[in-house]
file my_file-v6.pdb (PDB, C-alpha atoms and all ligand atoms)
MODEL        1
ATOM      1  CA  MET A1320      95.397 143.957  64.564  1.00  0.00           C
ATOM      2  CA  LYS A1321      93.480 145.659  67.308  1.00  0.00           C
ATOM      3  CA  VAL A1322      90.325 143.833  66.290  1.00  0.00           C
ATOM      4  CA  LYS A1323      92.133 140.522  66.346  1.00  0.00           C
ATOM      5  CA  ALA A1324      93.552 141.267  69.765  1.00  0.00           C
ATOM      6  CA  TYR A1325      90.070 142.147  70.987  1.00  0.00           C
ATOM      7  CA  LEU A1326      88.622 138.991  69.530  1.00  0.00           C
ATOM      8  CA  TYR A1327      91.360 136.950  71.093  1.00  0.00           C
ATOM      9  CA  GLY A1328      90.681 138.621  74.396  1.00  0.00           C
ATOM     10  CA  ALA A1329      86.977 137.900  74.160  1.00  0.00           C
ATOM     11  CA  LEU A1330      87.716 134.316  73.234  1.00  0.00           C
ATOM     12  CA  THR A1331      89.998 133.710  76.184  1.00  0.00           C
ATOM     13  CA  THR A1332      87.424 135.281  78.506  1.00  0.00           C
ATOM     14  CA  LEU A1333      84.806 132.953  77.069  1.00  0.00           C
ATOM     15  CA  MET A1334      87.102 129.949  77.385  1.00  0.00           C
ATOM     16  CA  GLY A1335      87.907 131.019  80.901  1.00  0.00           C
ATOM     17  CA  SER A1336      84.268 131.054  81.911  1.00  0.00           C
ATOM     18  CA  ILE A1337      83.697 127.668  80.300  1.00  0.00           C
ATOM     19  CA  ALA A1338      86.673 126.263  82.142  1.00  0.00           C
ATOM     20  CA  LEU A1339      85.323 127.730  85.370  1.00  0.00           C
ATOM     21  CA  GLN A1340      82.018 125.945  85.168  1.00  0.00           C
ATOM     22  CA  PRO A1341      83.258 122.425  85.783  1.00  0.00           C
ATOM     23  CA  LEU A1342      85.260 123.767  88.716  1.00  0.00           C
ATOM     24  CA  GLN A1343      82.141 125.238  90.281  1.00  0.00           C
ATOM     25  CA  ALA A1344      80.272 122.034  89.586  1.00  0.00           C
ATOM     26  CA  GLN A1345      83.047 120.133  91.319  1.00  0.00           C
ATOM     27  CA  GLN A1346      82.851 122.348  94.355  1.00  0.00           C
ATOM     28  CA  GLN A1347      79.129 121.820  94.531  1.00  0.00           C
ATOM     29  CA  SER A1348      79.405 118.067  94.329  1.00  0.00           C
ATOM     30  CA  ALA A1349      82.144 118.202  96.956  1.00  0.00           C
ATOM     31  CA  ASP A1350      79.614 119.822  99.290  1.00  0.00           C
ATOM     32  CA  ALA A1351      76.837 117.388  98.419  1.00  0.00           C
ATOM     33  CA  PRO A1352      78.283 114.221 100.022  1.00  0.00           C
ATOM     34  CA  ALA A1353      78.780 116.102 103.298  1.00  0.00           C
ATOM     35  CA  ALA A1354      75.077 116.896 103.338  1.00  0.00           C
ATOM     36  CA  ALA A1355      74.239 113.315 102.410  1.00  0.00           C
ATOM     37  CA  VAL A1356      76.453 111.985 105.208  1.00  0.00           C
ATOM     38  CA  SER A1357      74.834 114.130 107.860  1.00  0.00           C
ATOM     39  CA  ALA A1358      71.378 113.192 106.587  1.00  0.00           C
ATOM     40  CA  GLY A1359      72.460 109.542 106.791  1.00  0.00           C
ATOM     41  CA  ALA A1360      73.630 109.995 110.350  1.00  0.00           C
ATOM     42  CA  VAL A1361      70.222 111.296 111.342  1.00  0.00           C
ATOM     43  CA  ALA A1362      68.514 108.354 109.636  1.00  0.00           C
ATOM     44  CA  THR A1363      70.790 105.876 111.450  1.00  0.00           C
ATOM     45  CA  ALA A1364      70.187 107.522 114.792  1.00  0.00           C
ATOM     46  CA  ARG A1365      66.447 107.289 114.234  1.00  0.00           C
ATOM     47  CA  ALA A1366      66.733 103.688 113.095  1.00  0.00           C
ATOM     48  CA  ALA A1367      68.539 102.882 116.348  1.00  0.00           C
ATOM     49  CA  ASP A1368      65.323 103.585 118.271  1.00  0.00           C
ATOM     50  CA  ALA A1369      63.163 101.497 115.944  1.00  0.00           C
ATOM     51  CA  PRO A1370      63.353  97.684 115.966  1.00  0.00           C
ATOM     52  CA  LEU A1371      65.485  96.193 113.178  1.00  0.00           C
ATOM     53  CA  TYR A1372      62.578  94.056 111.946  1.00  0.00           C
ATOM     54  CA  ARG A1373      59.038  93.170 112.952  1.00  0.00           C
ATOM     55  CA  VAL A1374      57.738  89.637 112.618  1.00  0.00           C
ATOM     56  CA  VAL A1375      54.393  87.967 113.325  1.00  0.00           C
ATOM     57  CA  GLU A1376      54.037  84.166 113.540  1.00  0.00           C
ATOM     58  CA  GLY A1377      57.486  83.711 112.032  1.00  0.00           C
ATOM     59  CA  ASP A1378      56.542  84.372 108.436  1.00  0.00           C
ATOM     60  CA  GLN A1379      54.867  87.776 108.345  1.00  0.00           C
ATOM     61  CA  VAL A1380      57.306  90.663 108.331  1.00  0.00           C
ATOM     62  CA  ASP A1381      57.333  94.441 107.933  1.00  0.00           C
ATOM     63  CA  ALA A1382      57.653  95.887 104.422  1.00  0.00           C
ATOM     64  CA  ASP A1383      61.396  96.654 104.703  1.00  0.00           C
ATOM     65  CA  THR A1384      62.284  93.162 105.898  1.00  0.00           C
ATOM     66  CA  LEU A1385      60.118  91.712 103.120  1.00  0.00           C
ATOM     67  CA  LYS A1386      62.209  93.682 100.618  1.00  0.00           C
ATOM     68  CA  GLY A1387      65.324  92.274 102.282  1.00  0.00           C
ATOM     69  CA  TRP A1388      64.057  88.733 101.739  1.00  0.00           C
ATOM     70  CA  LYS A1389      63.153  89.549  98.123  1.00  0.00           C
ATOM     71  CA  THR A1390      66.674  90.881  97.579  1.00  0.00           C
ATOM     72  CA  TRP A1391      68.100  87.656  99.010  1.00  0.00           C
ATOM     73  CA  ARG A1392      65.982  85.669  96.558  1.00  0.00           C
ATOM     74  CA  ALA A1393      66.622  87.908  93.547  1.00  0.00           C
ATOM     75  CA  MET A1394      70.394  87.714  94.056  1.00  0.00           C
ATOM     76  CA  ALA A1395      70.306  83.951  94.618  1.00  0.00           C
ATOM     77  CA  CYS A1396      72.543  84.173  97.688  1.00  0.00           C
ATOM     78  CA  ASP A1397      71.118  80.719  98.485  1.00  0.00           C
ATOM     79  CA  ARG A1398      73.203  79.264  95.660  1.00  0.00           C
ATOM     80  CA  CYS A1399      76.198  79.427  98.009  1.00  0.00           C
ATOM     81  CA  HIS A1400      74.731  80.017 101.466  1.00  0.00           C
ATOM     82  CA  GLY A1401      71.928  77.469 101.223  1.00  0.00           C
ATOM     83  CA  PRO A1402      68.153  77.903 100.918  1.00  0.00           C
ATOM     84  CA  ASN A1403      67.836  78.213 104.706  1.00  0.00           C
ATOM     85  CA  GLN A1404      71.035  80.270 105.115  1.00  0.00           C
ATOM     86  CA  GLU A1405      72.646  77.314 106.873  1.00  0.00           C
ATOM     87  CA  GLY A1406      75.667  77.207 104.569  1.00  0.00           C
ATOM     88  CA  MET A1407      76.928  75.328 101.518  1.00  0.00           C
ATOM     89  CA  VAL A1408      79.976  76.612  99.625  1.00  0.00           C
ATOM     90  CA  GLY A1409      79.630  79.800 101.671  1.00  0.00           C
ATOM     91  CA  PRO A1410      79.362  79.769 105.464  1.00  0.00           C
ATOM     92  CA  SER A1411      76.138  79.560 107.472  1.00  0.00           C
ATOM     93  CA  LEU A1412      74.799  83.080 107.750  1.00  0.00           C
ATOM     94  CA  ILE A1413      72.705  81.925 110.719  1.00  0.00           C
ATOM     95  CA  GLU A1414      76.014  81.532 112.591  1.00  0.00           C
ATOM     96  CA  SER A1415      77.842  84.427 110.873  1.00  0.00           C
ATOM     97  CA  LEU A1416      75.284  87.040 111.824  1.00  0.00           C
ATOM     98  CA  LYS A1417      75.578  86.154 115.499  1.00  0.00           C
ATOM     99  CA  VAL A1418      79.128  87.571 115.422  1.00  0.00           C
ATOM    100  CA  LEU A1419      79.493  89.693 112.285  1.00  0.00           C
ATOM    101  CA  SER A1420      78.828  93.408 112.947  1.00  0.00           C
ATOM    102  CA  ARG A1421      76.354  95.266 110.783  1.00  0.00           C
ATOM    103  CA  ASP A1422      79.212  97.280 109.231  1.00  0.00           C
ATOM    104  CA  ASP A1423      81.246  94.162 108.493  1.00  0.00           C
ATOM    105  CA  PHE A1424      78.168  92.565 106.951  1.00  0.00           C
ATOM    106  CA  LYS A1425      77.673  95.535 104.638  1.00  0.00           C
ATOM    107  CA  LYS A1426      81.338  95.683 103.732  1.00  0.00           C
ATOM    108  CA  THR A1427      81.468  91.962 102.932  1.00  0.00           C
ATOM    109  CA  VAL A1428      78.364  92.012 100.739  1.00  0.00           C
ATOM    110  CA  LEU A1429      79.175  95.274  98.937  1.00  0.00           C
ATOM    111  CA  ASP A1430      82.934  94.765  98.464  1.00  0.00           C
ATOM    112  CA  GLY A1431      82.910  90.949  98.406  1.00  0.00           C
ATOM    113  CA  ARG A1432      85.852  88.727  99.343  1.00  0.00           C
ATOM    114  CA  ILE A1433      86.638  87.861  95.776  1.00  0.00           C
ATOM    115  CA  GLU A1434      89.720  85.747  96.494  1.00  0.00           C
ATOM    116  CA  LYS A1435      87.676  83.625  98.916  1.00  0.00           C
ATOM    117  CA  GLY A1436      84.720  83.111  96.597  1.00  0.00           C
ATOM    118  CA  MET A1437      82.315  85.743  97.921  1.00  0.00           C
ATOM    119  CA  PRO A1438      81.247  87.975  94.999  1.00  0.00           C
ATOM    120  CA  ASN A1439      80.833  91.743  95.420  1.00  0.00           C
ATOM    121  CA  PHE A1440      77.360  93.193  95.059  1.00  0.00           C
ATOM    122  CA  GLY A1441      78.211  96.889  95.483  1.00  0.00           C
ATOM    123  CA  GLY A1442      77.719  97.486  91.765  1.00  0.00           C
ATOM    124  CA  THR A1443      74.200  96.021  91.859  1.00  0.00           C
ATOM    125  CA  PRO A1444      71.800  98.877  92.692  1.00  0.00           C
ATOM    126  CA  SER A1445      69.071  96.600  94.089  1.00  0.00           C
ATOM    127  CA  VAL A1446      71.559  95.239  96.650  1.00  0.00           C
ATOM    128  CA  ALA A1447      73.227  98.565  97.474  1.00  0.00           C
ATOM    129  CA  GLU A1448      69.813 100.195  98.033  1.00  0.00           C
ATOM    130  CA  ASN A1449      68.465  97.312 100.101  1.00  0.00           C
ATOM    131  CA  ILE A1450      71.561  96.417 102.118  1.00  0.00           C
ATOM    132  CA  ASP A1451      69.998  97.415 105.477  1.00  0.00           C
ATOM    133  CA  ARG A1452      66.821  95.488 104.613  1.00  0.00           C
ATOM    134  CA  LEU A1453      68.885  92.465 103.640  1.00  0.00           C
ATOM    135  CA  TYR A1454      70.713  92.729 106.958  1.00  0.00           C
ATOM    136  CA  ALA A1455      67.413  92.988 108.849  1.00  0.00           C
ATOM    137  CA  TYR A1456      66.085  89.846 107.145  1.00  0.00           C
ATOM    138  CA  LEU A1457      69.220  87.792 107.768  1.00  0.00           C
ATOM    139  CA  LYS A1458      69.504  89.025 111.347  1.00  0.00           C
ATOM    140  CA  GLY A1459      65.919  87.924 111.890  1.00  0.00           C
ATOM    141  CA  ARG A1460      66.810  84.497 110.495  1.00  0.00           C
ATOM    142  CA  SER A1461      69.929  84.334 112.653  1.00  0.00           C
ATOM    143  CA  ASP A1462      67.945  85.337 115.753  1.00  0.00           C
ATOM    144  CA  GLY A1463      65.541  82.484 115.023  1.00  0.00           C
ATOM    145  CA  ALA A1464      62.645  84.955 114.864  1.00  0.00           C
ATOM    146  CA  ILE A1465      61.989  84.628 111.127  1.00  0.00           C
ATOM    147  CA  LYS A1466      61.218  81.191 109.678  1.00  0.00           C
ATOM    148  CA  PRO A1467      63.079  79.861 106.650  1.00  0.00           C
ATOM    149  CA  GLY A1468      61.246  79.946 103.317  1.00  0.00           C
ATOM    150  CA  ARG A1469      58.466  82.115 101.979  1.00  0.00           C
ATOM    151  CA  LEU A1470      57.471  85.311 103.737  1.00  0.00           C
ATOM    152  CA  LYS A1471      54.569  87.700 103.406  1.00  0.00           C
ATOM    153  CA  GLY A1472      53.770  91.158 104.708  1.00  0.00           C
ATOM    154  CA  ILE A1473      52.208  91.651 108.144  1.00  0.00           C
ATOM    155  CA  GLU A1474      48.442  91.550 107.645  1.00  0.00           C
TER
HETATM  156  C1  LIG A1501      79.298  82.279  94.484  1.00  0.00           C
HETATM  157  C2  LIG A1501      79.003  81.952  95.859  1.00  0.00           C
HETATM  158  C3  LIG A1501      78.431  83.034  96.751  1.00  0.00           C
HETATM  159  C4  LIG A1501      77.322  83.839  96.527  1.00  0.00           C
HETATM  160  C5  LIG A1501      76.408  83.886  95.329  1.00  0.00           C
HETATM  161  C6  LIG A1501      77.170  84.648  97.742  1.00  0.00           C
HETATM  162  N1  LIG A1501      78.142  84.333  98.641  1.00  0.00           N
HETATM  163 FE1  LIG A1501      78.415  85.190 100.462  1.00  0.00          FE
HETATM  164  N2  LIG A1501      80.126  84.107 100.741  1.00  0.00           N
HETATM  165  C7  LIG A1501      80.602  83.137  99.885  1.00  0.00           C
HETATM  166  C8  LIG A1501      81.829  82.564 100.438  1.00  0.00           C
HETATM  167  C9  LIG A1501      82.660  81.456  99.824  1.00  0.00           C
HETATM  168  C10 LIG A1501      82.056  83.251 101.661  1.00  0.00           C
HETATM  169  C11 LIG A1501      83.213  83.033 102.646  1.00  0.00           C
HETATM  170  C12 LIG A1501      84.307  84.040 102.381  1.00  0.00           C
HETATM  171  C13 LIG A1501      85.437  83.874 103.389  1.00  0.00           C
HETATM  172  O1  LIG A1501      85.966  82.762 103.516  1.00  0.00           O
HETATM  173  O2  LIG A1501      85.754  84.867 104.047  1.00  0.00           O
HETATM  174  C14 LIG A1501      80.972  84.207 101.818  1.00  0.00           C
HETATM  175  C15 LIG A1501      80.839  85.067 102.900  1.00  0.00           C
HETATM  176  C16 LIG A1501      79.725  85.859 103.139  1.00  0.00           C
HETATM  177  C17 LIG A1501      79.522  86.640 104.333  1.00  0.00           C
HETATM  178  C18 LIG A1501      80.505  86.772 105.496  1.00  0.00           C
HETATM  179  C19 LIG A1501      80.335  85.628 106.455  1.00  0.00           C
HETATM  180  C20 LIG A1501      81.308  85.662 107.606  1.00  0.00           C
HETATM  181  O3  LIG A1501      81.119  84.879 108.546  1.00  0.00           O
HETATM  182  O4  LIG A1501      82.254  86.443 107.595  1.00  0.00           O
HETATM  183  C21 LIG A1501      78.300  87.231 104.223  1.00  0.00           C
HETATM  184  C22 LIG A1501      77.624  88.139 105.222  1.00  0.00           C
HETATM  185  C23 LIG A1501      77.754  86.831 102.939  1.00  0.00           C
HETATM  186  N3  LIG A1501      78.644  85.988 102.301  1.00  0.00           N
HETATM  187  C24 LIG A1501      76.506  87.225 102.476  1.00  0.00           C
HETATM  188  C25 LIG A1501      76.047  86.980 101.180  1.00  0.00           C
HETATM  189  C26 LIG A1501      74.841  87.543 100.631  1.00  0.00           C
HETATM  190  C27 LIG A1501      73.875  88.426 101.381  1.00  0.00           C
HETATM  191  C28 LIG A1501      74.766  87.114  99.343  1.00  0.00           C
HETATM  192  C29 LIG A1501      73.741  87.486  98.299  1.00  0.00           C
HETATM  193  C30 LIG A1501      73.569  88.914  98.060  1.00  0.00           C
HETATM  194  C31 LIG A1501      75.908  86.241  99.113  1.00  0.00           C
HETATM  195  N4  LIG A1501      76.658  86.193 100.237  1.00  0.00           N
HETATM  196  C32 LIG A1501      76.165  85.586  97.923  1.00  0.00           C
HETATM  197  C33 LIG A1501      80.037  82.757  98.691  1.00  0.00           C
HETATM  198  C34 LIG A1501      78.938  83.357  98.079  1.00  0.00           C
ENDMDL
END

call {"tool": "encode", "arguments": {"input": "my_file-v6.pdb", "output": "structure tokens", "more": "lines below"}}
Ligand code: HEC
result
Amino acid sequence: MKVKAYLYGALTTLMGSIALQPLQAQQQSADAPAAAVSAGAVATARAADAPLYRVVEGDQVDADTLKGWKTWRAMACDRCHGPNQEGMVGPSLIESLKVLSRDDFKKTVLDGRIEKGMPNFGGTPSVAENIDRLYAYLKGRSDGAIKPGRLKGIE
């Protein structure tokens, strides 16, 4: 009996430590986003000093903006917003980006407006990762600084 009781005790201790592990893991991951958020805040503050995009002769852009344009093409946003962003089924993004805030832009593209026909792209890693680059490209189009059509990197 004593042996059994001992074994049982050892078993519950073991189970206890197993059960504890996920808890610790949870605590760690609860700390992680806080660190990520503050790192993000620093990045945004830095980005505020730098220009949103750089463009030469209308069709040569910095590497980030080029990725934004490639994301636009890969996701075929033109299917609804038109090849020159001037609107089709979806509104003209040339006009939209004159009034839509950067945050509202991100929210609309990532969450979508499903009931109004705008799909959500938040589950598509290439869009989620490039959302600021996509914004930079479309803002450049809206500002009239970037030409419609094919782009290349600044030489
Ligand atoms: C299937 C068609 C479709 C596709 C594909 C699509 N959109 Fe839209 N989009 C819409 C519609 C329709 C609306 C208008 C929703 C509304 O009435 O609020 C919209 C709205 C938007 C808005 C908000 C405009 C405003 O003035 O509030 C942005 C920004 C936008 N789309 C960007 C994009 C981007 C970037 C992509 C590609 C990653 C994309 N859309 C792909 C149909 C589409």

call {"tool": "atom_distance", "arguments": {"input": "my_file-v6.pdb", "atom1": "atom C18 of ligand LIG 1501 (chain A)", "atom2": "CA of Asp1397 (chain A)"}}
result
13.2 Å

call {"tool": "residues_near_ligand", "arguments": {"input": "my_file-v6.pdb", "ligand": "ligand LIG 1501 (chain A)", "cutoff": "6 Å", "atoms": "all atoms listed in the file", "output": "list in words"}}
result
Trp1391, Met1394, Cys1396, Arg1398, Cys1399, Val1408, Gly1409, Pro1410, Ser1415, Phe1424, Thr1427, Val1428, Arg1432, Lys1435, Gly1436, Met1437 and Pro1438 of chain A

call {"tool": "atom_distance", "arguments": {"input": "my_file-v6.pdb", "atom1": "CA of Tyr1456 (chain A)", "atom2": "CA of Gly1406 (chain A)"}}
result
16.1 Å

call {"tool": "resolve_selection", "arguments": {"input": "my_file-v6.pdb", "expression": "the PyMOL selection byres (((chain A and resi 1449) around 10) and not hetatm)", "output": "tab-separated table (two decimals) with C-alpha atoms, in the frame of the given file"}}
result
chain	number	residue	atom	x	y	z
A	1383	ASP	CA	61.40	96.65	104.70
A	1384	THR	CA	62.28	93.16	105.90
A	1386	LYS	CA	62.21	93.68	100.62
A	1387	GLY	CA	65.32	92.27	102.28
A	1388	TRP	CA	64.06	88.73	101.74
A	1389	LYS	CA	63.15	89.55	98.12
A	1390	THR	CA	66.67	90.88	97.58
A	1391	TRP	CA	68.10	87.66	99.01
A	1444	PRO	CA	71.80	98.88	92.69
A	1445	SER	CA	69.07	96.60	94.09
A	1446	VAL	CA	71.56	95.24	96.65
A	1447	ALA	CA	73.23	98.56	97.47
A	1448	GLU	CA	69.81	100.20	98.03
A	1450	ILE	CA	71.56	96.42	102.12
A	1451	ASP	CA	70.00	97.42	105.48
A	1452	ARG	CA	66.82	95.49	104.61
A	1453	LEU	CA	68.89	92.46	103.64
A	1454	TYR	CA	70.71	92.73	106.96
A	1455	ALA	CA	67.41	92.99	108.85

call {"tool": "closest_residue", "arguments": {"input": "my_file-v6.pdb", "among": "A:Ala1395, A:Thr1443, A:Lys1458, A:Asn1403", "to": "Ser1420 (chain A)", "atoms": "all atoms listed in the file"}}
result
A:Lys1458

call {"tool": "atom_distance", "arguments": {"input": "my_file-v6.pdb", "atom1": "CA of Leu1470 (chain A)", "atom2": "CA of Asp1378 (chain A)"}}
result
4.9 Å

call {"tool": "resolve_selection", "arguments": {"input": "my_file-v6.pdb", "expression": "the PyMOL selection byres (((chain A and resi 1412) around 10) and not hetatm)", "output": "count of residues only"}}
result
20

call {"tool": "axis_aligned_box", "arguments": {"input": "my_file-v6.pdb", "around": "region 1374-1388 of chain A", "padding_each_side": "3 Å", "output": "lines of an AutoDock Vina configuration file"}}
result
center_x = 59.7
center_y = 90.2
center_z = 107.1
size_x = 17.3
size_y = 18.9
size_z = 18.9

call {"tool": "resolve_selection", "arguments": {"input": "my_file-v6.pdb", "expression": "the PyMOL selection byres (((chain A and resi 1465) around 8) and not hetatm)", "output": "list in words"}}
result
Val1374, Gly1377, Asp1378, Tyr1456, Gly1459, Arg1460, Asp1462, Gly1463, Ala1464, Lys1466 and Pro1467 of chain A

call {"tool": "closest_residue", "arguments": {"input": "my_file-v6.pdb", "among": "A:Arg1421, A:Arg1373, A:Arg1392, A:Lys1426", "to": "Glu1474 (chain A)", "atoms": "all atoms listed in the file"}}
result
A:Arg1373
